[in-house]
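A quick write-up on the structure given underneath.
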Amino acid sequence: MLTEIKIKSLKPRAKLYRVADQGGLCIEVTPGGSKLWRYRHRIHGKYTMVSFGSWPEVSIAEARRKHAAARESVKAGTNLATARQAAKAQAALAAANTFEAVKEEWLGKNRTRYAASTLRQIARHLDTILPAWFRSRPIREITPADMLEVLRPIEERGHVQTAHTVRQRCGLVFRYAIATRRIDRDPTQDIRGALPPIVVRSQSALTDPVAIGKLLRAIDGYVGFPTTRAALKLAPILFPRPANLRAMEWSEIDFDGAVWTIPADKMKKAGGTRLEHLTPLPTQALEILRGLRALAKDGDRFVFPNTQRPGKCMSGSTITMALRALGYDGETQTGHGFRATASTRLNEMGWREDVIERQLAHVPRNKVRRAYNRAEYMDERIQMMQAWADYLDGLRTAPNKVTPIRARKTA
């Protein structure tokens, strides 16, 4: 039997040679000086050999333990070489089917289904929040308990909505894995009810005319970047979704026709479909945009470019931070809240609900299923948007007394 001293004394020769230990276990000495553990055995009448690693990384004791286990497998009829090949193939398959690998494949397959910005947001969200051990685990091995282990700390930090969003986005990946026959079940479905429900809160918004006028005057006094000030001024006039406003492009603005056309791929889904949206531009909005156009550089794509990242649009937090700088926190007024401000006041001013809802890009599902008319109620919307901008001017200039401009009732 081999000893550590004897193995250490073995010198390389011109040709490879082997020194036996016991039961087919031997040490193989290569011309380069490597000393490798080998097990020579016969299976189904044929001799074959498997490796247990190199000495001294694998000690004599460890090599003998591996040899003993291998001998038992051979006695049971296992072909060690074939078993190792199968294990390597299984390991390679698992490495190619980690959660991270399947997620990347899902992203690639959905480039035409989702907006590029949405896919980037999903990828960034999962990459940032999911721990490395989860993303690198073979997707078949991820259990509901693993999923809950990831989500529970998020919930305990008070971010219940984020936990639900992560669960939903992981579910997209798991369901794709089911469709491509990598797994049989979606572990995110097995933990439904394990997270506390989301408490839905309305976006904070001012609806009192005097308070709105005070905010408008504060915006007029904003001393930050001109583009940020312009975005703050346009938000209450046009009341779009904040993501649409900050991603506004010059190619979407028709100055002659006084209309802003938001492409379908930038819009929120309505009835499972993204629809192009038209926003009439009152004279006040056109004046602001013309002022920005004069400041724009040649080749600028975005109306509100990112000051830190060339070629990108304004950050999603810019308007929020600007409002905070003016003394309006998330409990008082948000960028999204300008939509609620406009909706509330326009309804009170007598404009038709259908016209208001259409301008807000709220499209009922039954209308999505029918032929869609992007210019629906356009004449009334043009009148309403100009009347709304004029109304805001009145709030701005008359701090304590406001006479609403009421809409003309239509049959």
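Quick note on naming: the chains in the structure tokens go A, B, ... in the order shown, residues restart at 1 in each chain, and ligands are numbered from 1 in order of appearance.
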Next on the checklist: Give me the residues near A:Leu2 as a list in words, where near means some atom within 8 Å (using only C-alpha atoms) and where sequence neighbours in that chain fewer than 2 positions away do not count.
Outcome noted: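 Once the nearby chain positions are removed, what remains is Glu4, Lys6, Ile7, Ala20, Asp21 and Ile60 of chain A.
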Please produce a file of the residues just selected, as an mmCIF file, in the first residue's frame, where the atoms kept are C-alpha atoms.
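Output file selection-v3.cif is given in full below:
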data_model
loop_
_atom_site.group_PDB
_atom_site.id
_atom_site.type_symbol
_atom_site.label_atom_id
_atom_site.label_comp_id
_atom_site.auth_asym_id
_atom_site.auth_seq_id
_atom_site.Cartn_x
_atom_site.Cartn_y
_atom_site.Cartn_z
ATOM 1 C CA GLU A 4 2.792 9.729 1.724
ATOM 2 C CA LYS A 6 6.529 6.729 -0.981
ATOM 3 C CA ILE A 7 4.332 8.917 -3.195
ATOM 4 C CA ALA A 20 -0.555 0.328 -7.336
ATOM 5 C CA ASP A 21 -2.170 0.893 -3.966
ATOM 6 C CA ILE A 60 -4.357 9.077 0.404
#
Sorted by chain and rising residue number, which residues of stretch 174-266 of chain A lie within 12 Å of stretch 290-296 of chain A, and what are their closest atom pairs and distances in Å to one decimal, counting only C-alpha atoms, as a Markdown table?
| residue | atom | partner | partner_atom | distance |
| --- | --- | --- | --- | --- |
| A:Phe225 | CA | A:Leu292 | CA | 11.4 |
| A:Pro226 | CA | A:Leu292 | CA | 8.1 |
| A:Thr227 | CA | A:Leu292 | CA | 7.1 |
| A:Thr228 | CA | A:Leu292 | CA | 10.6 |
| A:Arg229 | CA | A:Leu292 | CA | 10.4 |
| A:Ala230 | CA | A:Leu292 | CA | 7.7 |
| A:Ala231 | CA | A:Leu292 | CA | 10.0 |
| A:Lys233 | CA | A:Leu292 | CA | 12.0 |
| A:Leu234 | CA | A:Leu292 | CA | 11.5 |
| A:Glu249 | CA | A:Arg293 | CA | 11.0 |
| A:Trp250 | CA | A:Arg293 | CA | 8.4 |
| A:Ser251 | CA | A:Arg293 | CA | 11.7 |
| A:Ile253 | CA | A:Arg290 | CA | 10.4 |
| A:Asp254 | CA | A:Arg290 | CA | 11.2 |
| A:Phe255 | CA | A:Arg290 | CA | 8.5 |
| A:Asp256 | CA | A:Arg290 | CA | 11.6 |
| A:Ala258 | CA | A:Arg290 | CA | 11.5 |
Item to check | Of the listed residues A:Thr3, A:Leu36, A:Pro12, A:His67, that which approaches A:Gly24 most closely, counting only C-alpha atoms | outcome: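 That would be A:His67, the residue with the smallest distance to A:Gly24.
Residues surrounding A:Ala342 within 9 Å are Thr207, Pro236, Ile237, Leu238, Phe239, Gly337, Phe338, Arg339, Ala340, Thr344, Arg345, Leu346, Asn347, Ile356 and Trp388 of chain A [only C-alpha atoms; sequence separation below 2 positions excluded].
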Item to check | Given only C-alpha atoms as the counted atoms, nearest of A:Asp208, A:Glu62, A:Glu72, A:Asp390 to A:Gly23 | outcome: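 Ranked by minimum distance to A:Gly23, first place goes to A:Glu72.
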Next on the checklist: So that I can check the surroundings of stretch 189-192 of chain A, please list as a PyMOL selection string every protein, DNA and RNA residue that reaches within 9 Å of it, counting only C-alpha atoms and ignoring chain neighbours fewer than 3 positions away.
Outcome noted: chain A and resi 144-145+147-148+167+171+185-186+195
Checklist entry - Near A:Ala163, within 7 Å and counting only C-alpha atoms, which residues show up once chain neighbours fewer than 4 positions away are dropped, as JSON, numbers by chain? => result {"A": [151, 154, 155, 159, 167]}
With N, CA, C and O atoms retained, could you export that selection as a PDB file, in the first residue's frame?
ATOM      1  N   LEU A 151     -38.439  37.473  -0.427  1.00  0.00           N
ATOM      2  CA  LEU A 151     -39.464  38.516  -0.318  1.00  0.00           C
ATOM      3  C   LEU A 151     -39.715  38.989   1.110  1.00  0.00           C
ATOM      4  O   LEU A 151     -40.062  40.155   1.321  1.00  0.00           O
ATOM      5  N   ILE A 154     -37.910  42.148   2.327  1.00  0.00           N
ATOM      6  CA  ILE A 154     -38.427  43.346   1.656  1.00  0.00           C
ATOM      7  C   ILE A 154     -39.707  43.801   2.347  1.00  0.00           C
ATOM      8  O   ILE A 154     -39.900  44.991   2.624  1.00  0.00           O
ATOM      9  N   GLU A 155     -40.576  42.836   2.626  1.00  0.00           N
ATOM     10  CA  GLU A 155     -41.839  43.142   3.317  1.00  0.00           C
ATOM     11  C   GLU A 155     -41.578  43.717   4.703  1.00  0.00           C
ATOM     12  O   GLU A 155     -42.207  44.706   5.115  1.00  0.00           O
ATOM     13  N   HIS A 159     -41.702  47.620   2.594  1.00  0.00           N
ATOM     14  CA  HIS A 159     -41.898  47.781   1.153  1.00  0.00           C
ATOM     15  C   HIS A 159     -42.779  46.653   0.613  1.00  0.00           C
ATOM     16  O   HIS A 159     -42.326  45.812  -0.177  1.00  0.00           O
ATOM     17  N   ARG A 167     -42.362  39.513  -6.750  1.00  0.00           N
ATOM     18  CA  ARG A 167     -43.023  38.212  -6.930  1.00  0.00           C
ATOM     19  C   ARG A 167     -43.644  38.113  -8.315  1.00  0.00           C
ATOM     20  O   ARG A 167     -43.503  37.092  -9.002  1.00  0.00           O
TER      21      ARG A 167
END
Checklist entry - By how many Å are atom CA of A:Gln333 and atom CA of A:Arg301 apart? => result 29.0 Å
With DSSP run on the backbone, what are the strand (DSSP E or B) residues within stretch 132-318 of chain A? I'd like them as a PDB file with C-alpha atoms, in the first residue's frame.
ATOM      1  CA  PRO A 138     -30.809  26.275 -11.233  1.00  0.00           C
ATOM      2  CA  GLU A 249     -39.332  63.871 -27.867  1.00  0.00           C
ATOM      3  CA  ILE A 253     -44.428  67.704 -31.155  1.00  0.00           C
ATOM      4  CA  ASP A 254     -46.416  69.243 -34.023  1.00  0.00           C
ATOM      5  CA  VAL A 259     -50.641  68.548 -30.782  1.00  0.00           C
ATOM      6  CA  TRP A 260     -48.335  66.157 -28.936  1.00  0.00           C
ATOM      7  CA  THR A 261     -48.541  62.586 -30.254  1.00  0.00           C
ATOM      8  CA  ILE A 262     -47.362  59.981 -27.753  1.00  0.00           C
ATOM      9  CA  ALA A 270     -55.329  49.618 -22.132  1.00  0.00           C
ATOM     10  CA  THR A 273     -53.022  46.878 -25.859  1.00  0.00           C
ATOM     11  CA  HIS A 277     -52.412  59.107 -27.604  1.00  0.00           C
ATOM     12  CA  LEU A 278     -52.965  62.701 -28.736  1.00  0.00           C
ATOM     13  CA  THR A 279     -52.675  65.691 -26.405  1.00  0.00           C
ATOM     14  CA  PRO A 280     -53.871  69.082 -27.723  1.00  0.00           C
ATOM     15  CA  PHE A 302     -35.550  64.553 -25.845  1.00  0.00           C
ATOM     16  CA  PRO A 305     -32.654  65.654 -21.619  1.00  0.00           C
ATOM     17  CA  CYS A 313     -34.254  61.596 -20.888  1.00  0.00           C
TER      18      CYS A 313
END
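Nearest to A:Thr307 of all the residues A:Gly330, A:Gly224, A:Gly32, A:Gly350 is A:Gly224, based on only C-alpha atoms.
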Checklist entry - Out of stretch 129-265 of chain A, which residues get alpha helix (DSSP H) from DSSP, as a PyMOL selection string? => result chain A and resi 129+132-135+144-156+160-179+209-220+226-238+242-246
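Between atom CA of A:Arg274 and atom CA of A:Gly311 lies a distance of 24.7 Å.
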Checklist entry - Separation of atom CA of A:Arg381 and atom CA of A:Thr334, in Å? => result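 Computing the Euclidean distance for atom CA of A:Arg381 and atom CA of A:Thr334 yields 24.0 Å.
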